[in-house]
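File shown: protein-v4.cif. Contents: mmCIF, C-alpha atoms and all ligand atoms.
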```cif
data_protein
#
loop_
_atom_site.label_atom_id
_atom_site.label_comp_id
_atom_site.auth_asym_id
_atom_site.auth_seq_id
_atom_site.Cartn_x
_atom_site.Cartn_y
_atom_site.Cartn_z
CA MET A 14 28.03 5.47 -7.21
CA SER A 15 26.87 3.71 -4.05
CA LEU A 16 27.41 0.00 -4.21
CA LEU A 17 23.81 -0.89 -3.57
CA ASN A 18 24.67 -4.57 -3.52
CA ASP A 19 27.03 -3.99 -0.57
CA LEU A 20 24.13 -2.76 1.56
CA ASP A 21 21.49 -4.87 3.26
CA THR A 22 18.61 -4.42 5.67
CA ARG A 23 20.41 -5.46 8.85
CA LEU A 24 23.40 -3.25 8.07
CA LEU A 25 21.20 -0.21 7.32
CA VAL A 26 19.17 -0.66 10.51
CA ASP A 27 22.30 -1.19 12.65
CA LEU A 28 24.03 1.86 11.15
CA LEU A 29 21.05 4.07 11.95
CA ARG A 30 20.39 2.64 15.39
CA ASP A 31 24.06 3.18 16.34
CA ARG A 32 23.33 6.91 16.07
CA MET A 33 19.81 7.31 17.40
CA LYS A 34 17.20 5.92 19.75
CA PRO A 35 13.96 5.10 17.86
CA GLN A 36 11.11 7.42 18.82
CA LYS A 37 7.67 5.96 19.41
CA SER A 38 6.07 9.29 18.63
CA LEU A 39 7.41 9.01 15.05
CA GLY A 40 6.36 5.37 14.69
CA GLN A 41 10.01 4.36 14.29
CA HIS A 42 9.66 0.58 14.05
CA PHE A 43 12.12 -0.50 11.38
CA LEU A 44 11.62 -3.51 9.14
CA VAL A 45 14.23 -6.22 9.63
CA ASP A 46 12.53 -9.02 7.69
CA ASP A 47 13.65 -9.04 4.06
CA SER A 48 10.75 -11.19 2.93
CA VAL A 49 8.33 -8.34 3.68
CA ILE A 50 10.37 -5.90 1.62
CA THR A 51 10.63 -8.40 -1.25
CA ARG A 52 6.88 -8.98 -1.11
CA ALA A 53 6.13 -5.23 -1.21
CA ILE A 54 8.12 -4.88 -4.45
CA GLU A 55 6.67 -8.11 -5.87
CA ILE A 56 3.10 -6.85 -5.32
CA VAL A 57 3.84 -3.86 -7.54
CA SER A 58 4.79 -6.16 -10.44
CA GLU A 59 1.66 -8.23 -9.90
CA LYS A 60 -0.66 -5.20 -9.91
CA SER A 61 1.05 -2.92 -12.45
CA ASN A 62 4.21 -2.98 -14.52
CA SER A 63 7.36 -3.90 -12.59
CA LEU A 64 9.30 -0.94 -11.26
CA ASN A 65 11.80 0.30 -13.83
CA SER A 66 13.60 3.47 -14.86
CA ASP A 67 10.27 5.00 -16.02
CA SER A 68 8.76 4.65 -12.54
CA HIS A 69 8.81 7.42 -9.97
CA VAL A 70 8.17 6.13 -6.46
CA LEU A 71 7.35 8.16 -3.35
CA GLU A 72 8.42 6.60 -0.08
CA ILE A 73 7.06 8.19 3.09
CA GLY A 74 9.34 7.72 6.08
CA PRO A 75 12.35 5.83 4.64
CA GLY A 76 14.07 5.66 8.07
CA PRO A 77 17.12 3.36 7.70
CA GLY A 78 16.49 2.96 3.95
CA SER A 79 15.91 -0.80 3.64
CA LEU A 80 12.77 -0.44 1.53
CA SER A 81 14.44 2.43 -0.36
CA LEU A 82 17.36 0.11 -1.19
CA GLU A 83 15.10 -2.40 -2.97
CA ILE A 84 13.26 0.38 -4.82
CA LEU A 85 16.58 1.84 -5.98
CA LYS A 86 17.83 -1.57 -7.13
CA SER A 87 14.85 -1.75 -9.50
CA GLY A 88 16.18 1.33 -11.33
CA ALA A 89 13.12 3.43 -10.38
CA LYS A 90 13.44 7.08 -9.50
CA LEU A 91 12.76 7.55 -5.78
CA THR A 92 11.62 10.56 -3.76
CA ALA A 93 11.90 9.82 -0.05
CA ILE A 94 10.31 12.19 2.49
CA GLU A 95 11.56 11.76 6.05
CA ILE A 96 10.83 13.97 9.06
CA ASP A 97 13.67 12.73 11.27
CA MET A 98 16.93 14.63 10.80
CA GLU A 99 19.14 11.76 12.05
CA SER A 100 17.59 9.40 9.50
CA VAL A 101 18.10 11.96 6.73
CA LEU A 102 21.79 12.35 7.64
CA HIS A 103 22.13 8.55 7.63
CA LEU A 104 20.40 8.21 4.23
CA ASN A 105 22.70 10.84 2.74
CA ARG A 106 25.70 8.92 4.10
CA VAL A 107 24.68 5.48 2.82
CA PHE A 108 23.18 6.44 -0.55
CA THR A 109 25.89 8.56 -2.16
CA ASP A 110 26.24 9.60 -5.80
CA LEU A 111 22.66 8.73 -6.66
CA GLU A 112 21.53 12.30 -7.34
CA SER A 113 19.83 11.49 -10.62
CA GLN A 114 17.84 8.63 -9.10
CA LEU A 115 17.21 9.59 -5.48
CA THR A 116 15.83 12.74 -3.85
CA ILE A 117 15.76 12.82 -0.06
CA ILE A 118 13.54 15.51 1.43
CA GLU A 119 13.66 16.36 5.14
CA GLN A 120 10.05 17.28 5.84
CA ASP A 121 6.76 16.26 7.38
CA ALA A 122 5.13 14.28 4.55
CA LEU A 123 1.76 15.78 5.47
CA ILE A 124 2.98 19.28 4.67
CA GLY A 125 3.58 20.76 1.24
CA ASN A 126 3.09 19.38 -2.23
CA TRP A 127 4.52 16.06 -3.34
CA PRO A 128 6.50 16.03 -6.60
CA GLN A 129 4.67 15.90 -9.91
CA GLY A 130 4.60 12.72 -11.94
CA LEU A 131 4.69 10.08 -9.22
CA THR A 132 3.70 6.62 -10.47
CA HIS A 133 3.80 4.61 -7.23
CA ILE A 134 3.75 5.08 -3.47
CA ILE A 135 5.43 2.44 -1.33
CA SER A 136 5.72 2.96 2.40
CA ASN A 137 5.90 1.39 5.81
CA LEU A 138 3.66 4.11 7.21
CA PRO A 139 4.20 5.71 10.60
CA TYR A 140 0.89 4.71 12.16
CA GLN A 141 0.25 8.15 13.71
CA ILE A 142 -0.24 9.72 10.29
CA SER A 143 -1.90 6.83 8.44
CA SER A 144 -5.35 8.46 8.08
CA PRO A 145 -4.26 11.95 6.92
CA ILE A 146 -1.66 10.42 4.58
CA LEU A 147 -4.37 8.34 2.93
CA GLU A 148 -6.41 11.48 2.41
CA LYS A 149 -3.39 13.15 0.84
CA ILE A 150 -2.73 10.12 -1.38
CA GLN A 151 -6.33 10.17 -2.56
CA ASN A 152 -6.19 13.90 -3.37
CA TYR A 153 -2.90 13.42 -5.25
CA HIS A 154 -4.37 10.49 -7.21
CA LEU A 155 -7.36 12.59 -8.31
CA LYS A 156 -5.00 15.06 -10.01
CA THR A 157 -2.24 12.66 -11.10
CA PRO A 158 -3.40 9.05 -11.31
CA LEU A 159 -1.07 6.59 -9.60
CA CYS A 160 -0.50 3.02 -10.86
CA CYS A 161 -0.30 1.27 -7.52
CA ILE A 162 0.16 1.99 -3.83
CA VAL A 163 1.63 -0.52 -1.39
CA LEU A 164 1.46 0.31 2.30
CA LEU A 165 2.41 -1.44 5.49
CA VAL A 166 -0.10 -0.48 8.18
CA GLN A 167 -1.42 -1.74 11.50
CA GLU A 168 -3.51 -4.84 10.92
CA GLU A 169 -6.80 -3.52 12.26
CA PHE A 170 -6.39 -0.29 10.27
CA GLY A 171 -5.68 -2.34 7.10
CA GLU A 172 -8.87 -4.33 7.62
CA ARG A 173 -10.85 -1.10 7.90
CA MET A 174 -9.21 0.18 4.72
CA ALA A 175 -10.24 -2.96 2.83
CA MET A 176 -13.55 -3.54 4.72
CA ASN A 177 -12.81 -7.24 4.24
CA ASN A 178 -13.21 -8.75 7.67
CA GLY A 179 -16.92 -8.71 8.46
CA TYR A 180 -19.43 -5.88 8.54
CA HIS A 181 -17.77 -4.30 11.57
CA THR A 182 -14.80 -3.32 9.37
CA ARG A 183 -17.13 -1.22 7.18
CA GLY A 184 -16.79 2.47 7.93
CA PRO A 185 -15.98 5.92 6.56
CA LEU A 186 -12.29 5.10 5.97
CA GLY A 187 -12.99 2.15 3.65
CA MET A 188 -15.98 3.87 2.03
CA SER A 189 -13.89 6.89 1.12
CA LEU A 190 -11.04 4.77 -0.33
CA TRP A 191 -13.56 2.71 -2.30
CA LEU A 192 -14.39 5.82 -4.34
CA ASP A 193 -11.02 5.56 -6.07
CA PHE A 194 -9.39 2.23 -5.31
CA ASP A 195 -9.73 -1.50 -5.02
CA VAL A 196 -8.15 -2.15 -1.65
CA ASN A 197 -6.68 -5.59 -1.03
CA ILE A 198 -5.11 -7.06 2.05
CA ASP A 199 -1.87 -8.92 1.44
CA ARG A 200 0.37 -10.76 3.89
CA LYS A 201 0.30 -10.40 7.63
CA VAL A 202 3.47 -8.95 9.13
CA PRO A 203 4.01 -10.06 12.74
CA SER A 204 5.53 -7.60 15.18
CA ASN A 205 8.83 -9.54 15.30
CA CYS A 206 9.55 -8.40 11.71
CA PHE A 207 10.37 -4.95 13.13
CA SER A 208 13.03 -3.49 15.37
CA PRO A 209 11.98 -2.34 17.91
CA ALA A 210 8.87 -4.55 17.79
CA PRO A 211 5.53 -2.72 17.93
CA GLN A 212 2.73 -4.03 20.14
CA VAL A 213 0.45 -5.01 17.30
CA ASN A 214 0.75 -6.93 14.03
CA SER A 215 0.81 -5.18 10.70
CA ARG A 216 -0.41 -5.93 7.25
CA LEU A 217 0.60 -5.15 3.68
CA VAL A 218 -2.26 -3.40 1.90
CA VAL A 219 -2.47 -2.70 -1.82
CA LEU A 220 -4.48 0.06 -3.49
CA THR A 221 -5.09 -0.18 -7.21
CA PRO A 222 -7.08 2.43 -9.14
CA ALA A 223 -10.70 1.51 -9.75
CA SER A 224 -13.04 3.09 -12.26
CA ARG A 225 -16.61 2.70 -11.10
CA GLU A 226 -19.48 3.39 -13.46
CA GLU A 227 -21.86 3.98 -10.55
CA LEU A 228 -19.75 6.96 -9.46
CA VAL A 229 -19.70 9.00 -12.66
CA ASP A 230 -21.73 11.92 -11.30
CA ILE A 231 -21.50 11.33 -7.59
CA ASN A 232 -21.00 14.22 -5.20
CA ARG A 233 -17.91 12.83 -3.48
CA LYS A 234 -18.00 15.31 -0.62
CA LEU A 235 -21.62 14.50 0.11
CA PHE A 236 -20.88 10.74 -0.03
CA ARG A 237 -18.09 11.18 2.52
CA LEU A 238 -20.17 13.41 4.76
CA ILE A 239 -23.18 11.07 4.76
CA THR A 240 -21.16 7.93 5.48
CA LYS A 241 -19.16 9.68 8.21
CA HIS A 242 -22.35 11.08 9.75
CA CYS A 243 -24.16 7.73 9.83
CA TYR A 244 -21.13 5.71 11.00
CA SER A 245 -20.49 8.11 13.85
CA ASN A 246 -23.43 6.33 15.52
CA ARG A 247 -23.10 2.75 14.33
CA ARG A 248 -25.85 1.40 16.53
CA ARG A 249 -28.41 3.97 15.34
CA LYS A 250 -30.78 3.23 12.53
CA ILE A 251 -29.93 5.10 9.33
CA ARG A 252 -33.32 6.83 9.60
CA THR A 253 -32.43 8.28 12.99
CA SER A 254 -29.04 9.55 11.84
CA LEU A 255 -30.32 11.04 8.60
CA SER A 256 -33.20 12.80 10.37
CA LYS A 257 -30.59 15.18 11.74
CA SER A 258 -28.49 17.16 9.26
CA PRO A 259 -24.77 16.32 9.30
CA LYS A 260 -22.28 18.70 10.88
CA ARG A 261 -20.45 20.88 8.34
CA LEU A 262 -23.17 20.35 5.70
CA ASN A 263 -22.77 24.03 4.74
CA ARG A 264 -19.28 23.26 3.43
CA ILE A 265 -20.81 21.41 0.52
CA ASN A 266 -21.89 23.63 -2.37
CA ASN A 267 -25.61 24.40 -2.36
CA TRP A 268 -26.33 22.36 0.76
CA HIS A 269 -27.88 23.70 3.96
CA LYS A 270 -30.04 22.46 6.79
CA LYS A 271 -33.36 23.46 5.20
CA ARG A 272 -32.64 21.63 1.93
CA TRP A 273 -31.49 18.59 3.91
CA ASN A 274 -34.65 18.46 6.02
CA LEU A 275 -36.90 18.79 2.98
CA ALA A 276 -34.93 16.08 1.17
CA MET A 277 -35.25 13.73 4.15
CA GLU A 278 -39.01 14.24 4.46
CA GLU A 279 -39.28 12.62 1.03
CA ILE A 280 -36.39 10.19 0.98
CA LEU A 281 -36.96 8.47 4.30
CA ASN A 282 -40.38 7.37 3.06
CA GLU A 283 -39.24 6.27 -0.39
CA SER A 284 -37.83 3.06 -1.71
CA ILE A 285 -34.59 3.50 -3.61
CA GLU A 286 -33.68 1.24 -6.50
CA GLY A 287 -30.80 -1.02 -5.51
CA LEU A 288 -31.41 -0.68 -1.76
CA PRO A 289 -33.44 -3.05 0.42
CA ASP A 290 -37.01 -1.76 0.97
CA ASP A 291 -36.44 -1.36 4.70
CA TRP A 292 -33.16 0.57 4.23
CA PRO A 293 -34.04 3.43 6.63
CA ASP A 294 -34.44 0.92 9.46
CA LEU A 295 -31.07 -0.76 8.88
CA ARG A 296 -27.81 0.10 10.66
CA PRO A 297 -25.02 1.76 8.64
CA GLU A 298 -22.90 -1.38 8.41
CA ASP A 299 -25.77 -3.22 6.69
CA LEU A 300 -25.22 -1.15 3.53
CA GLY A 301 -22.32 -1.73 1.17
CA PRO A 302 -20.45 1.03 -0.69
CA ILE A 303 -22.56 0.80 -3.86
CA GLU A 304 -25.69 1.22 -1.75
CA TRP A 305 -24.23 4.30 -0.06
CA ALA A 306 -23.44 5.66 -3.53
CA LEU A 307 -27.06 5.10 -4.66
CA LEU A 308 -28.36 6.76 -1.52
CA THR A 309 -26.01 9.73 -2.02
CA SER A 310 -27.20 10.15 -5.61
CA LYS A 311 -30.80 10.09 -4.44
CA ILE A 312 -30.11 12.73 -1.81
CA SER A 313 -28.18 14.87 -4.33
CA SER A 314 -31.14 14.80 -6.69
CA LYS A 315 -33.40 16.56 -4.15
N1 LIG B 401 10.74 2.72 5.98
C1 LIG B 401 11.42 2.30 7.18
C2 LIG B 401 11.28 0.82 7.38
O1 LIG B 401 10.39 0.26 6.72
O2 LIG B 401 12.00 0.25 8.15
C3 LIG B 401 10.93 3.06 8.41
C4 LIG B 401 9.45 2.96 8.69
S1 LIG B 401 8.98 3.61 10.27
C5 LIG B 401 7.50 2.66 10.53
C6 LIG B 401 8.27 5.18 9.91
C7 LIG B 401 9.23 6.25 9.44
O3 LIG B 401 8.49 7.43 9.14
C8 LIG B 401 10.29 6.67 10.44
O4 LIG B 401 11.52 6.72 9.80
C9 LIG B 401 9.84 8.06 10.91
O5 LIG B 401 10.91 8.89 11.28
C10 LIG B 401 9.14 8.57 9.66
N2 LIG B 401 8.09 9.57 9.91
C11 LIG B 401 7.28 9.68 10.99
N3 LIG B 401 6.41 10.71 10.81
C12 LIG B 401 6.68 11.24 9.61
C13 LIG B 401 6.13 12.34 8.87
N4 LIG B 401 5.11 13.07 9.35
N5 LIG B 401 6.66 12.63 7.66
C14 LIG B 401 7.70 11.90 7.17
N6 LIG B 401 8.26 10.87 7.82
C15 LIG B 401 7.76 10.53 9.02
#
```
Translate this file's structure into structure tokens.
Amino acid sequence: MSLLNDLDTRLLVDLLRDRMKPQKSLGQHFLVDDSVITRAIEIVSEKSNSLNSDSHVLEIGPGPGSLSLEILKSGAKLTAIEIDMESVLHLNRVFTDLESQLTIIEQDALIGNWPQGLTHIISNLPYQISSPILEKIQNYHLKTPLCCIVLLVQEEFGERMAMNNGYHTRGPLGMSLWLDFDVNIDRKVPSNCFSPAPQVNSRLVVLTPASREELVDINRKLFRLITKHCYSNRRRKIRTSLSKSPKRLNRINNWHKKRWNLAMEEILNESIEGLPDDWPDLRPEDLGPIEWALLTSKISSK
């Protein structure tokens, strides 16, 4: 059995960096600040049960294995998906005799199915794949509900996920996540907490499952399409954007340009309960997620 207590962050990072040169294209900025790792694990206990032998964590991009080390110390089962062969060889060298607790998969985390029965996802995400990974997390969660997700992401991206820093952070990314999660921003992680240091600061972000009564019958695809369509021209009035049917409308069951145009002839002249009377003349960022949900339901009903 590996002596987990003999390993530490600095040692793991040094051992890996002795054998490879970090690649920017893979977002290889390794955490060297233990307080960030401790905080990531602590958040899990605050938002759900503490990690224990009943937990099954997915880590995307374990790299040197510093975050993996703390997850393993909790007794949780860990599946770690890493694209970089040198990192995988390193992880297999440092974490030996942990077969029943740790599975290391050499693969692009965007490809293929993730294991069944995951309870948590904890990851210092490679920033290049942040958006598609979130989509994959959301799809996984719809089939197998997760307890809690803790991610380290670029600060500006984290603010857009949580839509917490002024109306300008509202957008399709946060709207889509809002369908399934409460998204909260946790501590700021300055660039000097990584080696090599990235050019921007990062942020811990926490996603906890949300059940929203207002979404019981919502057409999720239509909600996403409408918000994306309107936010693609932030300065345009909602009326102007909605007057034109969204691209790829045909991909949504029973929707086509003709139905859209007929629906808009009515809706753009109607008041909708829960929305300001002048809603068509507002800009997309003036509406909050619940208002977009009400608007989507109205459109679906036509
Ligand atoms: N978890 C480590 C840490 O916190 O120090 C490393 C995080 S580093 C920001 C991102 C890691 O993701 C790197 O190890 C990189 O090789 C890996 N990675 C990049 N793209 C990936 C992908 N598509 N699938 C899986 N791993 C990926």
What are the closest atom pairs, with distances in Å to one decimal, for all residues of range 166-248 of chain A lying within 9 Å of range 254-278 of chain A? Consider all atoms listed in the file, order rows by chain and residue number, and present the result as a tab-separated table.
```
residue	atom	partner	partner_atom	distance
A:Lys234	CA	A:Ile265	CA	6.8
A:Leu235	CA	A:Ile265	CA	7.0
A:Leu238	CA	A:Pro259	CA	7.1
A:Ile239	CA	A:Pro259	CA	7.1
A:Lys241	CA	A:Pro259	CA	8.8
A:His242	CA	A:Pro259	CA	5.8
A:Cys243	CA	A:Ser254	CA	5.6
A:Tyr244	CA	A:Ser254	CA	8.8
A:Ser245	CA	A:Ser254	CA	8.9
A:Asn246	CA	A:Ser254	CA	7.4
```
Q.
What does the list of residues within 9 Å of ligand LIG 401 (chain B) look like if you count all atoms listed in the file, written as a count of residues only?
A. 51
Q) When you draw a straight line from CA of Tyr180 in chain A to CA of Glu298 in chain A, how long is it in Å? A) 5.7 Å
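Ranking A:Gly184, A:His103, A:Ile285, A:Thr51 by their shortest atom-to-atom distance to Met33 in chain A, with all atoms listed in the file included, puts A:His103 first.
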Q) Quick one: of A:Ile303, A:Ile135, A:Ile117, A:Leu159, who's nearest to Leu217 in chain A, counting all atoms listed in the file? A) A:Ile135
Q | Residues within 6 Å of Leu220 in chain A, all atoms listed in the file, excluding chain neighbours under 3 positions, as a VMD selection string | A | chain A and resid 161 to 162 194 to 196
Any chance you can output those residues with C-alpha atoms as a CSV table (one decimal), keeping the file's coordinate frame?
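selection_9.csv, freshly written:
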```
chain,number,residue,atom,x,y,z
A,161,CYS,CA,-0.3,1.3,-7.5
A,162,ILE,CA,0.2,2.0,-3.8
A,194,PHE,CA,-9.4,2.2,-5.3
A,195,ASP,CA,-9.7,-1.5,-5.0
A,196,VAL,CA,-8.2,-2.2,-1.6
```
(Q) So the first atom is CA of Leu85 in chain A and the second is CA of Ser143 in chain A; what is the distance between them in Å, to one decimal place? (A)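 We find that CA of Leu85 in chain A and CA of Ser143 in chain A lie 24.0 Å from each other.
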Q: Could you check which of A:Asp294, A:Asp67, A:Asp299, A:Glu286 is closest to Leu91 in chain A, using all atoms listed in the file?
A: A:Asp67
Q: Determine, counting all atoms listed in the file, which protein, DNA and RNA residues have an atom within 6 Å of an atom of Thr132 in chain A; residues of the same chain fewer than 4 positions away are not included. Present the result as a VMD selection string.
A: chain A and resid 68 to 69 159 to 160
Q. Mind pulling up the distance from CA of Leu25 in chain A to CA of Thr116 in chain A?
A. 17.9 Å
Q. With only C-alpha atoms as the basis for distance, which of A:Pro293, A:Gly125, A:Pro222, A:Gly287 is at the shortest distance from His154 in chain A?
A.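 Answer, going by the shortest atom-to-atom distance: A:Pro222.
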Q | Selected residue, from A:Arg249, A:Arg216, A:Thr92, A:Gly301, that lies nearest to Gly187 in chain A when counting only C-alpha atoms | A |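 Comparing A:Arg249, A:Arg216, A:Thr92, A:Gly301 against Gly187 in chain A, the winner is A:Gly301.
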Contacts of Asp19 in chain A at 12 Å (only C-alpha atoms; same-chain gap of 6+ positions) as an mmCIF file with C-alpha atoms, in the frame of the given file:
```cif
data_model
loop_
_atom_site.group_PDB
_atom_site.id
_atom_site.type_symbol
_atom_site.label_atom_id
_atom_site.label_comp_id
_atom_site.auth_asym_id
_atom_site.auth_seq_id
_atom_site.Cartn_x
_atom_site.Cartn_y
_atom_site.Cartn_z
ATOM 1 C CA LEU A 25 21.200 -0.210 7.320
ATOM 2 C CA LEU A 82 17.360 0.110 -1.190
ATOM 3 C CA LYS A 86 17.830 -1.570 -7.130
ATOM 4 C CA VAL A 107 24.680 5.480 2.820
ATOM 5 C CA PHE A 108 23.180 6.440 -0.550
#
```
